[in-house]
Structures are given as C-alpha cells and as structure tokens.
Amino acid sequence: MSERAGNYATEADLVDLDELESAYFKLRPDPTLPAQRVSFGTSGHRGSSLSRSFNEAHIVAISQAIAEYRAAQGITGPLFIGIDTHFLSGPAFASAGQTLITAGVNLRISAGGSFTPTPALSHAVLKYNEVARLTGLGLADGVLITPSHNPPADGGIKYNPPHGGPADTTATKWIEQRANQLLAAGVVDHASLREIVPFAEKTGTVTQHDYAAEYIADLKHVIDMTAIRSSGLRFAAHPLGGAATGYWQAIAETYELNLTEIGPGIDQQWSFMTLDWDGKIRMDPSSLNAVKAVVDSASHADYTLTLANDADADRHGIIVGTELLNPNHFLAVAIDYLLTHRKGWHSATGAPLTVGKTVVSSGMIDRVVAAHGATLEEVPVGFKWFVPGLSAGTTVFCGEESAGASMLTFEGAPWSTDKDGIVLCLLAAEITAVTGKTPAQHYQELTERFGSPAYGRIDAPATAEQKSKLLALSAADIKTATLAGESITEILTHAPGNGAPIGGLVIKTADAWAAIRPSGTEAVMKIYAESFAGAEHLKRVQKEAQELLASALS
C-alpha cells in the first residue's frame, strides 16, 4: 500500500498527453519481447504507448486480425465500435477504423462522436442481432476501445462476437496469435496511417448509431424506473470522467428522476482523482482509495445514494451516505432482492434459477442463493464465462467481486452480455425505492441471517515471470494441510461450475478460503481471502496465504 493512497493527485501524478500521442505513433514495439507483443487477458489487450505495449502497430494488427476472424466465422453484418474517455482511445479508434474499413468491414460508430459505455455497445449488438436472426440479415459484432478502469496512460481494445459479450478463449487466442504474426511480419505502414481518412468520406461503409438514446430508452425493461421516480429518492451519480458522462443526466431527464450527475466532466489526465492502493490514478469505483474524491463530494450533500462508474461504465460503485459498500456485499443484496422481485424470471424446464459468481466472490452469495433454492454456478475470473448462460437466458444474474455484473430483463431476456455498471447502480436505487431500505441496511439483515464474513483483497506488483509461475501452480505445490488453524478441505485449480482453469489456486477450510491468481490485465498478483470467523482470523488467513504463495513460488 502506497503511503499516498487516498490522497488527491498532484501535477507530478499526471500523464503528459502529448508524450502519449507521440509515443503511440512513433514507438515501434519489438515483437520478440513478450511485454511488447499482443496479449489478450481477461478483457482484451491493454498496455501503454510509453512502454511500447499499446501502439499504432498493435491496434492495426489486432484490427486486421479481427477482420480476418469475423470473415472466417461468416460474420457479415456491421461491426459496432465505440471508445471510452482514455486519451489513447482516440488515436486507437482512428487506427482501428481505418484498418477495418480497408478490410471491407462496415462500421457502426457513435452518433456525434460521443463516448460509448461497454454495456451500451453490448446491448446494441444484441438488439441488432435479435432482428437480424428474424430477417436473415448478417449478424453484427463489436469492438470497444477501452482499458476499463486502468490508469490514464493506458489503452485497451476488446472484441465482442455476435453474442454481445467478451470473446471466449478460443477467439481471443486466434486473434492474439494472428495479430502477433502480423506484428512480427512488419506489415504496418505507419506513414500512411497517420493520414487518417475521415470516416464520413467512406460513403456506405460507416453509419452513425445513437448508442445513448437506444440504451436509455430500453432501461425500463430491466430496472423499475417508475418505482424510483415515484419514491422521490434523492441520489447522485459520478461517472468518474468516463463514458457514462452525460448518460446519467439524460437518464434523469428521460425518467424524471431526482438524480444529479456530479463530477467535473471529462479530464483525460484525471487530475480530480484520489490515488489508488499503489499510488496510481485508477478509475476503479469499487476501490475506497480511488473513489475517496467521490465520497468527499457525497459528504457535502444529502444524497441517500451516490453511484459511480469506471471509464467504460462496466463497473459499479455504491456509496450509501459516505460509506462505500463492498462489491461482494452489494452482489449478495442484489441477488436476494432480485430472486424475490423478478416474477418474470423462471426456468423453461422448471429447474431452479441459476445465479453466477466467480470463484473469488464472497461465500455470502452461496448462502443467499441456497436460501432461495436457486442454483449457483461458480466460474473463473473473467466475464466471458457468464456469456453462455446470459445469452440463453438460463443465468438470471451474474457478478464478479471486482464490481462487474449483469442480469436479465423483467421478461427473462438477455439485456447485456457484458458487465453493466449503469444498470447495477440503478438497481441500488430501485432496491432503496421499493423496500425503503438502502443496500447497506439490507446487507446488515443478511449478516443476521447468515453470519458476517470478513473479506479482503491484497494486490501486489508481479513480474511476468512471477505471474507465469503462479499460473503453473497445482494442488501438489501446497505443502501444508492447514490454513489459519483449520484443516484444508479443498484445493481448487478448476472452477466447480464449468471445469475451466482458475488461473491460480483456491484453498478452502470450514470457515474460510483464500484465492491466489495473477491479474489478466495488469502487472499485479492478487490474494483474495474471506473468513466467517472474524476480522482477526481473516488477517491470519491472508498472512498464511502469502507465506504459502512465497513458498510455492520458490
């Protein structure tokens, strides 16, 4: 933990935007170095132009690979493309657009050049394909240029096939390998790509799409907007300078809500932010250090709820009064509420409803799901694992401990097969409006029924070598039979829900568990832990988990 965590950013913390842009076009990656190659983690390729991991060559190679992949898969409809507010998203959009147009792909771009939240793009792909399947039109897919909550110097790009959600491992591996082949072959012509042809001049290949209007108009199918309006609930939303900027104000006006969009607007240096755990600016709405500025804003106003999103609005942050609700706590509350208040959700076969969670999410979720007689599907970290269930309408709700989640519409149809931070924030408002209790109050009631778990996550810097070793760990590498004074009952390397590799280890005891895995998007390893035996026991679990990790890696 940096000693500056939670402090406001200073001039020295801000990225030089001119330097970022120059590096994007001028620095060429070395494809023989792993850190400078294309690498798709849990949510696309991410990096920075300054470290030669997100440059023009990467985006052109990835875009060309996507064009070839969709052609090989017979995807002939338009490609919906959008960007978030990270500075590098702009030049990357130009490079990707030019490459895709040249490859013969028809693009749907955001009307008026506005920014596009991840859930709005996912919803647009699903809605288009619903009609396409009925009329025989070619199916559409999508590309979102975003590094999500990553620091301002980063850029990112992810591909969503026709199911609207993150591409599975087979697709991303193919795109990654093909992009690296193109990178190694040196096929990128930097000089010509600096002369970007305006999309408007490519008549017939580019169509503007009003993502915001479509998404906002359809919100009434997934959230009880009438209940929120009728309650008079006074709440605020802070988009953290991300793609949801303007969306919240439009939502308030469309549904006549007592909702205020707060924040300074778009600042691509994010100078208004407080620093995250490692002293970096990071737009993570679930991190108390990162959103301290939002909490400070809430303390000066009498809002019942203050809601927050990250840069592409696929994550949610729920602040009740001036307290940031732990994402695990809100997931448990959301599941408890939805399984009671969504009468349109039912299984076509009569089987129990299915709720999805990742292996590093709270055990409280297990207890809530069981109490409702529903089925729990436990998968590895990565929202792509939830896509099949959401697409089929068999998974009614799914979420990650990192504050990403989605759910079905009132009628039990897919809404967004990617994470939707806006809908989850609005769900917090609906819960408060319908029940008269905040999500924090609901969680307190859950602890009275099921116990009060102590949960924590430790992030630490990790080299590529350390992350590789961690991925290779097996149950046999754990040389002890106990964890924090309890017998180890299970060591998992594969998720119980689908048998997919976890990408690390989960160690369970009667009252606690710990999970150790490398981040798929940053040079970080993460240790998750939870104990139903109290905060002191949690500290012991965390300490011994770190010792187990050090021993195993050595």
# chains A, B, ... in the order shown; residues from 1 in each chain; ligands from 1

call {"tool": "residues_around", "arguments": {"residues": "stretch 430-444 of chain A", "least_positions_apart": "6", "cutoff": "12 Å", "atoms": "only C-alpha atoms", "output": "ChimeraX atom specification"}}
result
/A:220,222-235,257-258,303-306,317-338,340-342,364-365,368,423-424,450-453

call {"tool": "residues_around", "arguments": {"residues": "A:Pro147", "least_positions_apart": "4", "cutoff": "9 Å", "atoms": "only C-alpha atoms", "output": "MDAnalysis selection string"}}
result
chainID A and resid 43:47 84 86 89 151 154:158 311:312 521

call {"tool": "write_last_selection", "arguments": {"atoms": "C-alpha atoms", "output": "tab-separated table (two decimals), in the first residue's frame"}}
result
chain	number	residue	atom	x	y	z
A	43	SER	CA	-10.74	-8.46	-21.07
A	44	GLY	CA	-8.81	-7.75	-24.25
A	45	HIS	CA	-5.36	-6.32	-24.94
A	46	ARG	CA	-4.14	-3.49	-22.68
A	47	GLY	CA	-0.95	-1.51	-22.36
A	84	ASP	CA	-14.13	5.34	-23.70
A	86	HIS	CA	-8.91	7.38	-22.09
A	89	SER	CA	-8.70	5.56	-27.20
A	151	PRO	CA	-4.60	4.37	-15.30
A	154	ASP	CA	-3.14	3.03	-20.67
A	155	GLY	CA	-5.13	1.99	-23.70
A	156	GLY	CA	-7.10	-1.14	-24.44
A	157	ILE	CA	-9.15	-2.94	-27.06
A	158	LYS	CA	-11.58	-5.84	-26.69
A	311	ALA	CA	-14.10	4.77	-17.57
A	312	ASP	CA	-16.19	2.41	-19.75
A	521	THR	CA	-4.81	-7.02	-17.34

call {"tool": "atom_distance", "arguments": {"atom1": "atom CA of A:Ser347", "atom2": "atom CA of A:Met407"}}
result
14.5 Å

call {"tool": "residues_around", "arguments": {"residues": "A:Pro34", "least_positions_apart": "4", "cutoff": "10 Å", "atoms": "only C-alpha atoms", "output": "PyMOL selection string"}}
result
chain A and resi 30+38-39+53+464

call {"tool": "atom_distance", "arguments": {"atom1": "atom CA of A:Gly41", "atom2": "atom CA of A:Asn160"}}
result
13.8 Å

call {"tool": "residues_around", "arguments": {"residues": "stretch 99-105 of chain A", "least_positions_apart": "5", "cutoff": "8 Å", "atoms": "only C-alpha atoms", "output": "list in words"}}
result
Val60, Ser63, Gln64, Ala67, Pro78, Leu79 and Thr205 of chain A

call {"tool": "closest_residue", "arguments": {"among": "A:Val387, A:Lys419, A:Leu548, A:Gly136", "to": "A:Ala475", "atoms": "only C-alpha atoms"}}
result
A:Leu548

call {"tool": "atom_distance", "arguments": {"atom1": "atom CA of A:Gly263", "atom2": "atom CA of A:Ala308"}}
result
10.0 Å

call {"tool": "residues_around", "arguments": {"residues": "A:Phe532", "least_positions_apart": "5", "cutoff": "9 Å", "atoms": "only C-alpha atoms", "output": "list in words"}}
result
Gly363, Gly451, Ser452, Pro453, Ala454, Tyr455, Asp511, Ala512, His537 and Leu538 of chain A

call {"tool": "residues_around", "arguments": {"residues": "A:Asp168", "least_positions_apart": "2", "cutoff": "6 Å", "atoms": "only C-alpha atoms", "output": "CSV table (one decimal) with C-alpha atoms, in the first residue's frame"}}
result
chain,number,residue,atom,x,y,z
A,170,THR,CA,-10.7,-19.7,-28.4
A,171,ALA,CA,-11.5,-16.5,-30.2
A,384,LYS,CA,-16.7,-14.3,-20.7

call {"tool": "select_by_dssp", "arguments": {"residues": "stretch 109-138 of chain A", "states": "alpha helix (DSSP H)", "output": "list of chain:residue names"}}
result
A:Thr118, A:Pro119, A:Ala120, A:Leu121, A:Ser122, A:His123, A:Ala124, A:Val125, A:Leu126, A:Lys127, A:Tyr128, A:Asn129, A:Glu130, A:Val131, A:Ala132, A:Arg133, A:Leu134, A:Thr135

call {"tool": "residues_around", "arguments": {"residues": "stretch 119-129 of chain A", "least_positions_apart": "3", "cutoff": "6 Å", "atoms": "only C-alpha atoms", "output": "PyMOL selection string"}}
result
chain A and resi 132-133+139+164+211+215+416+420

call {"tool": "write_last_selection", "arguments": {"atoms": "C-alpha atoms", "output": "PDB file, in the first residue's frame"}}
result
ATOM      1  CA  ALA A 132     -31.078  -9.959 -37.892  1.00  0.00           C
ATOM      2  CA  ARG A 133     -31.926 -13.534 -36.888  1.00  0.00           C
ATOM      3  CA  LEU A 139     -25.064 -10.901 -37.661  1.00  0.00           C
ATOM      4  CA  GLY A 164     -22.533  -9.355 -27.429  1.00  0.00           C
ATOM      5  CA  TYR A 211     -25.984   4.231 -28.510  1.00  0.00           C
ATOM      6  CA  TYR A 215     -29.775   2.196 -24.294  1.00  0.00           C
ATOM      7  CA  SER A 416     -26.280  -7.004 -21.790  1.00  0.00           C
ATOM      8  CA  ASP A 420     -23.216  -3.208 -16.870  1.00  0.00           C
TER       9      ASP A 420
END

call {"tool": "select_by_dssp", "arguments": {"residues": "stretch 360-393 of chain A", "states": "strand (DSSP E or B)", "output": "number ranges by chain"}}
result
A: 375-379

call {"tool": "write_last_selection", "arguments": {"atoms": "C-alpha atoms", "output": "short mmCIF file (atom, residue, chain, number, x, y, z; two decimals), in the first residue's frame"}}
result
data_model
loop_
_atom_site.label_atom_id
_atom_site.label_comp_id
_atom_site.auth_asym_id
_atom_site.auth_seq_id
_atom_site.Cartn_x
_atom_site.Cartn_y
_atom_site.Cartn_z
CA THR A 375 -28.53 -22.96 -8.38
CA LEU A 376 -25.07 -21.43 -8.05
CA GLU A 377 -22.66 -21.57 -10.98
CA GLU A 378 -19.08 -20.81 -9.89
CA VAL A 379 -16.68 -19.86 -12.70
#
